[in-house]
There are 2 protein chains.
Amino acid sequence: MSVTDELIANSERYAARHDKGDLPLPPAKGVAVVACMDARLNPYGLLGLTEGDAHVIRNAGGVITADERRSLAISQRLLGTTEIILIHHTDCGMLTFGDDDFRRQIQDETGQKPDWAAEAFTDLDADVRQSIARIRADPSIPHTDQVRGFVFDVKTGGLREVKP
Amino acid sequence: MSVTDELIANSERYAARHDKGDLPLPPAKGVAVVACMDARLNPYGLLGLTEGDAHVIRNAGGVITADERRSLAISQRLLGTTEIILIHHTDCGMLTFGDDDFRRQIQDETGQKPDWAAEAFTDLDADVRQSIARIRADPSIPHTDQVRGFVFDVKTGGLREVKP
């Protein structure tokens, strides 16, 4: 049995006790979270979110690229969110390599250099500020006065706000 | 008090009972989940995931663009995952509009046409298969024999596999 089979079996237990079939499409709390995909970072537990509350957008690093700007534009323009919470975290994999080496390694192995930047970074706070700057620079995202960035500490479970 | 302030206050309760400070960086279950950002879709509850288990990648629609291929390449090449679970869902916002209209509306309002496709779709199953095809076509993602796609039913809480 694959891990996928195991997780799909779990979903049957979820469905059996599911009682949230009438929730509306727009997030109740009007907020979008953009967080790293890291396995130790659980935005539901951390922020006390439950079904229906918030859009959750995640990728390697919790960085802002064209796809996160797309998702935020849809979140705000079509589904009414107005606040954005960015979450990076300590001990992030993105701190452990460089774009050039990673993309070169893929090119050496596959013959194709990726058509994306890996978005590795060396300074957590600076990358949170970079993410905020990318959001604020995009006119397709209308609400940017409530964009705040945080670093989650994977050791303590705490959240620290990054000052502008 | 903003919603962000309220959620940050919740994080203090999370930190107070946090006992997972020793989890390793690589996901314990070796799996990456790519799901829609929808507020009603909680991958932790649905799949029985907890801290340390899996990478979770999310965006509007749960579609595969360059940024998801970047995240999956990092997940597999640097952090050892080998299985991918894709989750779209019923009543998705991406079924309610068209790329042309959405991008034109932004252009009319801001003077700038977005430099991204909105990735709206009209058929859930077809878009899940499209996402699998995009992953399989990318040589930077090494493990593509365990890529399976599902549709989450927001009414019943159930998960249905999309057949290839």
# chains A, B, ... in the order shown; residues from 1 in each chain; ligands from 1
>>> residues_around(residues="segment 118-129 of chain B", least_positions_apart="3", cutoff="8 Å", atoms="only C-alpha atoms", output="JSON, numbers by chain")
{"A": [70], "B": [61, 63, 86, 87, 88, 89, 90, 94, 95, 96, 97, 98, 99, 102, 103, 132, 133, 149, 150, 151, 162, 164]}
>>> residues_around(residues="Thr110 of chain A", least_positions_apart="5", cutoff="10 Å", atoms="only C-alpha atoms", output="list in words")
Arg104 and Gln105 of chain A; Asp138, Pro139, Ser140, Ile141 and Pro142 of chain B
>>> closest_residue(among="B:Gly62, B:Val56, B:Leu78, B:Lys163", to="chain A", atoms="only C-alpha atoms")
B:Val56
>>> select_by_dssp(residues="chain A", states="alpha helix (DSSP H)", output="PDB file with N, CA, C and O atoms, in the first residue's frame")
ATOM      1  N   VAL A   3       1.798   5.370   0.349  1.00  0.00           N
ATOM      2  CA  VAL A   3       1.396   6.413   1.294  1.00  0.00           C
ATOM      3  C   VAL A   3       0.119   7.083   0.807  1.00  0.00           C
ATOM      4  O   VAL A   3      -0.783   7.402   1.590  1.00  0.00           O
ATOM      5  N   THR A   4       0.021   7.280  -0.504  1.00  0.00           N
ATOM      6  CA  THR A   4      -1.198   7.880  -1.059  1.00  0.00           C
ATOM      7  C   THR A   4      -2.422   7.056  -0.683  1.00  0.00           C
ATOM      8  O   THR A   4      -3.439   7.608  -0.234  1.00  0.00           O
ATOM      9  N   ASP A   5      -2.345   5.726  -0.817  1.00  0.00           N
ATOM     10  CA  ASP A   5      -3.472   4.873  -0.426  1.00  0.00           C
ATOM     11  C   ASP A   5      -3.830   5.067   1.048  1.00  0.00           C
ATOM     12  O   ASP A   5      -5.012   5.117   1.411  1.00  0.00           O
ATOM     13  N   GLU A   6      -2.813   5.156   1.880  1.00  0.00           N
ATOM     14  CA  GLU A   6      -3.028   5.339   3.322  1.00  0.00           C
ATOM     15  C   GLU A   6      -3.767   6.664   3.604  1.00  0.00           C
ATOM     16  O   GLU A   6      -4.719   6.704   4.397  1.00  0.00           O
ATOM     17  N   LEU A   7      -3.342   7.744   2.920  1.00  0.00           N
ATOM     18  CA  LEU A   7      -3.971   9.045   3.163  1.00  0.00           C
ATOM     19  C   LEU A   7      -5.392   9.079   2.607  1.00  0.00           C
ATOM     20  O   LEU A   7      -6.281   9.709   3.192  1.00  0.00           O
ATOM     21  N   ILE A   8      -5.622   8.391   1.491  1.00  0.00           N
ATOM     22  CA  ILE A   8      -6.972   8.337   0.935  1.00  0.00           C
ATOM     23  C   ILE A   8      -7.895   7.554   1.865  1.00  0.00           C
ATOM     24  O   ILE A   8      -9.073   7.909   2.052  1.00  0.00           O
ATOM     25  N   ALA A   9      -7.359   6.514   2.497  1.00  0.00           N
ATOM     26  CA  ALA A   9      -8.152   5.788   3.498  1.00  0.00           C
ATOM     27  C   ALA A   9      -8.522   6.712   4.655  1.00  0.00           C
ATOM     28  O   ALA A   9      -9.652   6.681   5.157  1.00  0.00           O
ATOM     29  N   ASN A  10      -7.593   7.574   5.069  1.00  0.00           N
ATOM     30  CA  ASN A  10      -7.908   8.551   6.117  1.00  0.00           C
ATOM     31  C   ASN A  10      -9.082   9.441   5.700  1.00  0.00           C
ATOM     32  O   ASN A  10      -9.906   9.840   6.528  1.00  0.00           O
ATOM     33  N   SER A  11      -9.135   9.790   4.394  1.00  0.00           N
ATOM     34  CA  SER A  11     -10.169  10.730   3.937  1.00  0.00           C
ATOM     35  C   SER A  11     -11.571  10.145   4.101  1.00  0.00           C
ATOM     36  O   SER A  11     -12.543  10.890   4.223  1.00  0.00           O
ATOM     37  N   GLU A  12     -11.678   8.821   4.132  1.00  0.00           N
ATOM     38  CA  GLU A  12     -13.003   8.227   4.336  1.00  0.00           C
ATOM     39  C   GLU A  12     -13.509   8.493   5.753  1.00  0.00           C
ATOM     40  O   GLU A  12     -14.697   8.711   5.966  1.00  0.00           O
ATOM     41  N   ARG A  13     -12.588   8.485   6.703  1.00  0.00           N
ATOM     42  CA  ARG A  13     -12.984   8.826   8.078  1.00  0.00           C
ATOM     43  C   ARG A  13     -13.395  10.298   8.177  1.00  0.00           C
ATOM     44  O   ARG A  13     -14.339  10.649   8.886  1.00  0.00           O
ATOM     45  N   TYR A  14     -12.669  11.163   7.437  1.00  0.00           N
ATOM     46  CA  TYR A  14     -13.016  12.594   7.428  1.00  0.00           C
ATOM     47  C   TYR A  14     -14.432  12.790   6.871  1.00  0.00           C
ATOM     48  O   TYR A  14     -15.249  13.509   7.453  1.00  0.00           O
ATOM     49  N   ALA A  15     -14.698  12.137   5.728  1.00  0.00           N
ATOM     50  CA  ALA A  15     -16.014  12.300   5.091  1.00  0.00           C
ATOM     51  C   ALA A  15     -17.126  11.808   6.018  1.00  0.00           C
ATOM     52  O   ALA A  15     -18.210  12.407   6.091  1.00  0.00           O
ATOM     53  N   ALA A  16     -16.854  10.726   6.757  1.00  0.00           N
ATOM     54  CA  ALA A  16     -17.889  10.136   7.612  1.00  0.00           C
ATOM     55  C   ALA A  16     -18.348  11.097   8.714  1.00  0.00           C
ATOM     56  O   ALA A  16     -19.492  11.042   9.162  1.00  0.00           O
ATOM     57  N   PRO A  43      -0.582  25.579   9.026  1.00  0.00           N
ATOM     58  CA  PRO A  43      -1.258  26.877   9.216  1.00  0.00           C
ATOM     59  C   PRO A  43      -2.574  26.757   9.973  1.00  0.00           C
ATOM     60  O   PRO A  43      -2.985  27.711  10.626  1.00  0.00           O
ATOM     61  N   TYR A  44      -3.223  25.591   9.903  1.00  0.00           N
ATOM     62  CA  TYR A  44      -4.504  25.418  10.610  1.00  0.00           C
ATOM     63  C   TYR A  44      -4.282  25.411  12.111  1.00  0.00           C
ATOM     64  O   TYR A  44      -4.915  26.157  12.855  1.00  0.00           O
ATOM     65  N   GLY A  45      -3.365  24.571  12.562  1.00  0.00           N
ATOM     66  CA  GLY A  45      -3.068  24.543  13.986  1.00  0.00           C
ATOM     67  C   GLY A  45      -2.489  25.865  14.462  1.00  0.00           C
ATOM     68  O   GLY A  45      -2.921  26.417  15.486  1.00  0.00           O
ATOM     69  N   LEU A  46      -1.537  26.374  13.693  1.00  0.00           N
ATOM     70  CA  LEU A  46      -0.815  27.582  14.110  1.00  0.00           C
ATOM     71  C   LEU A  46      -1.753  28.774  14.287  1.00  0.00           C
ATOM     72  O   LEU A  46      -1.681  29.487  15.293  1.00  0.00           O
ATOM     73  N   LEU A  47      -2.605  29.020  13.290  1.00  0.00           N
ATOM     74  CA  LEU A  47      -3.434  30.229  13.300  1.00  0.00           C
ATOM     75  C   LEU A  47      -4.841  29.968  13.833  1.00  0.00           C
ATOM     76  O   LEU A  47      -5.665  30.886  13.886  1.00  0.00           O
ATOM     77  N   ALA A  66       4.817  34.820  -9.820  1.00  0.00           N
ATOM     78  CA  ALA A  66       3.629  35.142 -10.621  1.00  0.00           C
ATOM     79  C   ALA A  66       2.419  34.329 -10.165  1.00  0.00           C
ATOM     80  O   ALA A  66       1.294  34.841 -10.139  1.00  0.00           O
ATOM     81  N   ASP A  67       2.620  33.060  -9.782  1.00  0.00           N
ATOM     82  CA  ASP A  67       1.460  32.230  -9.445  1.00  0.00           C
ATOM     83  C   ASP A  67       0.802  32.652  -8.131  1.00  0.00           C
ATOM     84  O   ASP A  67      -0.418  32.534  -7.979  1.00  0.00           O
ATOM     85  N   GLU A  68       1.596  33.126  -7.176  1.00  0.00           N
ATOM     86  CA  GLU A  68       0.989  33.616  -5.929  1.00  0.00           C
ATOM     87  C   GLU A  68       0.273  34.948  -6.182  1.00  0.00           C
ATOM     88  O   GLU A  68      -0.776  35.215  -5.589  1.00  0.00           O
ATOM     89  N   ARG A  69       0.810  35.775  -7.074  1.00  0.00           N
ATOM     90  CA  ARG A  69       0.127  37.023  -7.418  1.00  0.00           C
ATOM     91  C   ARG A  69      -1.197  36.716  -8.125  1.00  0.00           C
ATOM     92  O   ARG A  69      -2.213  37.377  -7.880  1.00  0.00           O
ATOM     93  N   ARG A  70      -1.181  35.698  -8.996  1.00  0.00           N
ATOM     94  CA  ARG A  70      -2.435  35.229  -9.625  1.00  0.00           C
ATOM     95  C   ARG A  70      -3.446  34.791  -8.555  1.00  0.00           C
ATOM     96  O   ARG A  70      -4.610  35.211  -8.567  1.00  0.00           O
ATOM     97  N   SER A  71      -3.003  33.946  -7.635  1.00  0.00           N
ATOM     98  CA  SER A  71      -3.924  33.436  -6.607  1.00  0.00           C
ATOM     99  C   SER A  71      -4.447  34.564  -5.722  1.00  0.00           C
ATOM    100  O   SER A  71      -5.634  34.577  -5.359  1.00  0.00           O
ATOM    101  N   LEU A  72      -3.596  35.521  -5.371  1.00  0.00           N
ATOM    102  CA  LEU A  72      -4.033  36.637  -4.527  1.00  0.00           C
ATOM    103  C   LEU A  72      -5.005  37.551  -5.275  1.00  0.00           C
ATOM    104  O   LEU A  72      -5.965  38.065  -4.685  1.00  0.00           O
ATOM    105  N   ALA A  73      -4.777  37.752  -6.567  1.00  0.00           N
ATOM    106  CA  ALA A  73      -5.702  38.580  -7.358  1.00  0.00           C
ATOM    107  C   ALA A  73      -7.079  37.925  -7.391  1.00  0.00           C
ATOM    108  O   ALA A  73      -8.108  38.591  -7.223  1.00  0.00           O
ATOM    109  N   ILE A  74      -7.116  36.604  -7.595  1.00  0.00           N
ATOM    110  CA  ILE A  74      -8.389  35.881  -7.601  1.00  0.00           C
ATOM    111  C   ILE A  74      -9.023  35.918  -6.211  1.00  0.00           C
ATOM    112  O   ILE A  74     -10.223  36.157  -6.058  1.00  0.00           O
ATOM    113  N   SER A  75      -8.223  35.713  -5.172  1.00  0.00           N
ATOM    114  CA  SER A  75      -8.710  35.714  -3.796  1.00  0.00           C
ATOM    115  C   SER A  75      -9.375  37.045  -3.449  1.00  0.00           C
ATOM    116  O   SER A  75     -10.457  37.084  -2.860  1.00  0.00           O
ATOM    117  N   GLN A  76      -8.725  38.139  -3.819  1.00  0.00           N
ATOM    118  CA  GLN A  76      -9.253  39.456  -3.446  1.00  0.00           C
ATOM    119  C   GLN A  76     -10.358  39.924  -4.398  1.00  0.00           C
ATOM    120  O   GLN A  76     -11.390  40.430  -3.956  1.00  0.00           O
ATOM    121  N   ARG A  77     -10.160  39.756  -5.692  1.00  0.00           N
ATOM    122  CA  ARG A  77     -11.104  40.324  -6.658  1.00  0.00           C
ATOM    123  C   ARG A  77     -12.387  39.508  -6.791  1.00  0.00           C
ATOM    124  O   ARG A  77     -13.458  40.069  -7.016  1.00  0.00           O
ATOM    125  N   LEU A  78     -12.279  38.202  -6.675  1.00  0.00           N
ATOM    126  CA  LEU A  78     -13.464  37.364  -6.893  1.00  0.00           C
ATOM    127  C   LEU A  78     -14.049  36.820  -5.593  1.00  0.00           C
ATOM    128  O   LEU A  78     -15.212  36.449  -5.548  1.00  0.00           O
ATOM    129  N   LEU A  79     -13.241  36.761  -4.521  1.00  0.00           N
ATOM    130  CA  LEU A  79     -13.719  36.087  -3.316  1.00  0.00           C
ATOM    131  C   LEU A  79     -13.580  36.928  -2.050  1.00  0.00           C
ATOM    132  O   LEU A  79     -13.722  36.424  -0.928  1.00  0.00           O
ATOM    133  N   ASP A  99      20.429  29.092  -6.069  1.00  0.00           N
ATOM    134  CA  ASP A  99      19.719  28.929  -7.343  1.00  0.00           C
ATOM    135  C   ASP A  99      20.628  28.368  -8.435  1.00  0.00           C
ATOM    136  O   ASP A  99      20.250  27.440  -9.153  1.00  0.00           O
ATOM    137  N   ASP A 100      21.823  28.943  -8.562  1.00  0.00           N
ATOM    138  CA  ASP A 100      22.705  28.560  -9.673  1.00  0.00           C
ATOM    139  C   ASP A 100      23.060  27.077  -9.594  1.00  0.00           C
ATOM    140  O   ASP A 100      22.971  26.357 -10.591  1.00  0.00           O
ATOM    141  N   ASP A 101      23.465  26.625  -8.403  1.00  0.00           N
ATOM    142  CA  ASP A 101      23.861  25.215  -8.249  1.00  0.00           C
ATOM    143  C   ASP A 101      22.684  24.276  -8.519  1.00  0.00           C
ATOM    144  O   ASP A 101      22.837  23.247  -9.181  1.00  0.00           O
ATOM    145  N   PHE A 102      21.523  24.621  -7.988  1.00  0.00           N
ATOM    146  CA  PHE A 102      20.352  23.737  -8.131  1.00  0.00           C
ATOM    147  C   PHE A 102      19.942  23.628  -9.601  1.00  0.00           C
ATOM    148  O   PHE A 102      19.693  22.524 -10.117  1.00  0.00           O
ATOM    149  N   ARG A 103      19.891  24.772 -10.265  1.00  0.00           N
ATOM    150  CA  ARG A 103      19.460  24.749 -11.666  1.00  0.00           C
ATOM    151  C   ARG A 103      20.524  24.077 -12.544  1.00  0.00           C
ATOM    152  O   ARG A 103      20.202  23.368 -13.501  1.00  0.00           O
ATOM    153  N   ARG A 104      21.810  24.250 -12.200  1.00  0.00           N
ATOM    154  CA  ARG A 104      22.883  23.592 -12.948  1.00  0.00           C
ATOM    155  C   ARG A 104      22.813  22.073 -12.779  1.00  0.00           C
ATOM    156  O   ARG A 104      22.991  21.317 -13.723  1.00  0.00           O
ATOM    157  N   GLN A 105      22.517  21.636 -11.542  1.00  0.00           N
ATOM    158  CA  GLN A 105      22.418  20.200 -11.256  1.00  0.00           C
ATOM    159  C   GLN A 105      21.289  19.564 -12.082  1.00  0.00           C
ATOM    160  O   GLN A 105      21.454  18.464 -12.641  1.00  0.00           O
ATOM    161  N   ILE A 106      20.174  20.257 -12.202  1.00  0.00           N
ATOM    162  CA  ILE A 106      19.063  19.737 -13.016  1.00  0.00           C
ATOM    163  C   ILE A 106      19.453  19.718 -14.493  1.00  0.00           C
ATOM    164  O   ILE A 106      19.196  18.741 -15.211  1.00  0.00           O
ATOM    165  N   GLN A 107      20.117  20.766 -14.936  1.00  0.00           N
ATOM    166  CA  GLN A 107      20.556  20.807 -16.339  1.00  0.00           C
ATOM    167  C   GLN A 107      21.538  19.668 -16.639  1.00  0.00           C
ATOM    168  O   GLN A 107      21.423  19.000 -17.670  1.00  0.00           O
ATOM    169  N   ASP A 108      22.472  19.445 -15.719  1.00  0.00           N
ATOM    170  CA  ASP A 108      23.466  18.387 -15.927  1.00  0.00           C
ATOM    171  C   ASP A 108      22.789  17.017 -16.013  1.00  0.00           C
ATOM    172  O   ASP A 108      23.198  16.154 -16.785  1.00  0.00           O
ATOM    173  N   GLU A 109      21.752  16.825 -15.205  1.00  0.00           N
ATOM    174  CA  GLU A 109      21.118  15.514 -15.148  1.00  0.00           C
ATOM    175  C   GLU A 109      20.104  15.282 -16.259  1.00  0.00           C
ATOM    176  O   GLU A 109      19.980  14.169 -16.782  1.00  0.00           O
ATOM    177  N   THR A 110      19.352  16.331 -16.603  1.00  0.00           N
ATOM    178  CA  THR A 110      18.236  16.145 -17.539  1.00  0.00           C
ATOM    179  C   THR A 110      18.491  16.746 -18.915  1.00  0.00           C
ATOM    180  O   THR A 110      17.735  16.490 -19.853  1.00  0.00           O
ATOM    181  N   LEU A 124      16.003  35.198   6.095  1.00  0.00           N
ATOM    182  CA  LEU A 124      14.552  35.014   6.221  1.00  0.00           C
ATOM    183  C   LEU A 124      13.800  36.337   6.233  1.00  0.00           C
ATOM    184  O   LEU A 124      12.839  36.524   5.479  1.00  0.00           O
ATOM    185  N   ASP A 125      14.225  37.259   7.100  1.00  0.00           N
ATOM    186  CA  ASP A 125      13.490  38.518   7.219  1.00  0.00           C
ATOM    187  C   ASP A 125      13.529  39.303   5.910  1.00  0.00           C
ATOM    188  O   ASP A 125      12.534  39.889   5.491  1.00  0.00           O
ATOM    189  N   ALA A 126      14.697  39.290   5.258  1.00  0.00           N
ATOM    190  CA  ALA A 126      14.811  40.019   3.992  1.00  0.00           C
ATOM    191  C   ALA A 126      13.895  39.411   2.940  1.00  0.00           C
ATOM    192  O   ALA A 126      13.300  40.130   2.124  1.00  0.00           O
ATOM    193  N   ASP A 127      13.742  38.093   2.951  1.00  0.00           N
ATOM    194  CA  ASP A 127      12.868  37.489   1.942  1.00  0.00           C
ATOM    195  C   ASP A 127      11.392  37.737   2.245  1.00  0.00           C
ATOM    196  O   ASP A 127      10.578  37.863   1.334  1.00  0.00           O
ATOM    197  N   VAL A 128      11.030  37.816   3.514  1.00  0.00           N
ATOM    198  CA  VAL A 128       9.653  38.207   3.854  1.00  0.00           C
ATOM    199  C   VAL A 128       9.392  39.622   3.334  1.00  0.00           C
ATOM    200  O   VAL A 128       8.352  39.889   2.713  1.00  0.00           O
ATOM    201  N   ARG A 129      10.343  40.528   3.569  1.00  0.00           N
ATOM    202  CA  ARG A 129      10.160  41.901   3.076  1.00  0.00           C
ATOM    203  C   ARG A 129      10.107  41.932   1.552  1.00  0.00           C
ATOM    204  O   ARG A 129       9.347  42.700   0.950  1.00  0.00           O
ATOM    205  N   GLN A 130      10.923  41.085   0.902  1.00  0.00           N
ATOM    206  CA  GLN A 130      10.896  40.996  -0.560  1.00  0.00           C
ATOM    207  C   GLN A 130       9.511  40.540  -1.038  1.00  0.00           C
ATOM    208  O   GLN A 130       8.965  41.060  -2.022  1.00  0.00           O
ATOM    209  N   SER A 131       8.925  39.584  -0.332  1.00  0.00           N
ATOM    210  CA  SER A 131       7.605  39.085  -0.705  1.00  0.00           C
ATOM    211  C   SER A 131       6.550  40.182  -0.579  1.00  0.00           C
ATOM    212  O   SER A 131       5.682  40.330  -1.448  1.00  0.00           O
ATOM    213  N   ILE A 132       6.630  40.947   0.518  1.00  0.00           N
ATOM    214  CA  ILE A 132       5.683  42.053   0.700  1.00  0.00           C
ATOM    215  C   ILE A 132       5.857  43.078  -0.422  1.00  0.00           C
ATOM    216  O   ILE A 132       4.870  43.569  -0.991  1.00  0.00           O
ATOM    217  N   ALA A 133       7.090  43.366  -0.785  1.00  0.00           N
ATOM    218  CA  ALA A 133       7.350  44.350  -1.843  1.00  0.00           C
ATOM    219  C   ALA A 133       6.766  43.878  -3.179  1.00  0.00           C
ATOM    220  O   ALA A 133       6.208  44.668  -3.952  1.00  0.00           O
ATOM    221  N   ARG A 134       6.900  42.584  -3.465  1.00  0.00           N
ATOM    222  CA  ARG A 134       6.362  42.066  -4.733  1.00  0.00           C
ATOM    223  C   ARG A 134       4.840  42.172  -4.773  1.00  0.00           C
ATOM    224  O   ARG A 134       4.256  42.443  -5.821  1.00  0.00           O
ATOM    225  N   ILE A 135       4.185  41.938  -3.637  1.00  0.00           N
ATOM    226  CA  ILE A 135       2.723  42.073  -3.582  1.00  0.00           C
ATOM    227  C   ILE A 135       2.318  43.525  -3.792  1.00  0.00           C
ATOM    228  O   ILE A 135       1.434  43.839  -4.577  1.00  0.00           O
ATOM    229  N   ARG A 136       2.998  44.420  -3.090  1.00  0.00           N
ATOM    230  CA  ARG A 136       2.627  45.845  -3.160  1.00  0.00           C
ATOM    231  C   ARG A 136       2.872  46.418  -4.549  1.00  0.00           C
ATOM    232  O   ARG A 136       2.226  47.388  -4.956  1.00  0.00           O
TER     233      ARG A 136
END
>>> interface_residues(of="chain B", to="chain A", cutoff="6 Å", atoms="only C-alpha atoms", output="JSON, numbers by chain")
{"B": [7, 10, 11, 14, 15, 18, 21, 27, 37, 38, 39, 40, 46, 47, 48, 51, 52, 53, 54, 55, 56, 57, 58, 59, 60, 71, 154, 155, 157, 158]}
>>> write_last_selection(atoms="C-alpha atoms", output="short mmCIF file (atom, residue, chain, number, x, y, z; two decimals), in the first residue's frame")
data_model
loop_
_atom_site.label_atom_id
_atom_site.label_comp_id
_atom_site.auth_asym_id
_atom_site.auth_seq_id
_atom_site.Cartn_x
_atom_site.Cartn_y
_atom_site.Cartn_z
CA LEU B 7 -5.04 34.86 14.11
CA ASN B 10 -4.29 32.21 18.22
CA SER B 11 -0.67 31.39 17.36
CA TYR B 14 -0.37 27.02 19.53
CA ALA B 15 3.17 27.86 20.63
CA HIS B 18 3.93 23.00 20.84
CA GLY B 21 10.51 21.02 17.91
CA PRO B 27 8.51 15.07 5.20
CA MET B 37 -6.41 27.29 -1.82
CA ASP B 38 -10.19 27.05 -1.17
CA ALA B 39 -11.16 27.79 2.42
CA ARG B 40 -13.40 24.71 2.69
CA LEU B 46 -9.05 15.48 5.03
CA LEU B 47 -5.91 13.34 4.70
CA GLY B 48 -5.20 12.89 8.41
CA GLU B 51 3.08 18.30 11.54
CA GLY B 52 6.08 16.68 9.87
CA ASP B 53 4.14 14.49 7.46
CA ALA B 54 3.96 16.12 4.02
CA HIS B 55 4.71 19.10 1.85
CA VAL B 56 1.54 21.04 1.11
CA ILE B 57 1.48 23.23 -2.00
CA ARG B 58 -1.62 25.31 -2.73
CA ASN B 59 -2.90 27.92 -5.15
CA ALA B 60 -6.08 29.09 -6.87
CA SER B 71 8.18 23.49 -5.56
CA VAL B 154 -17.26 20.26 -0.48
CA LYS B 155 -20.79 19.08 0.32
CA GLY B 157 -16.39 15.84 2.48
CA GLY B 158 -15.56 12.87 0.26
#
>>> select_by_dssp(residues="chain A", states="strand (DSSP E or B)", output="VMD selection string")
chain A and resid 31 to 36 54 to 59 83 to 89 147 to 152 159 to 161
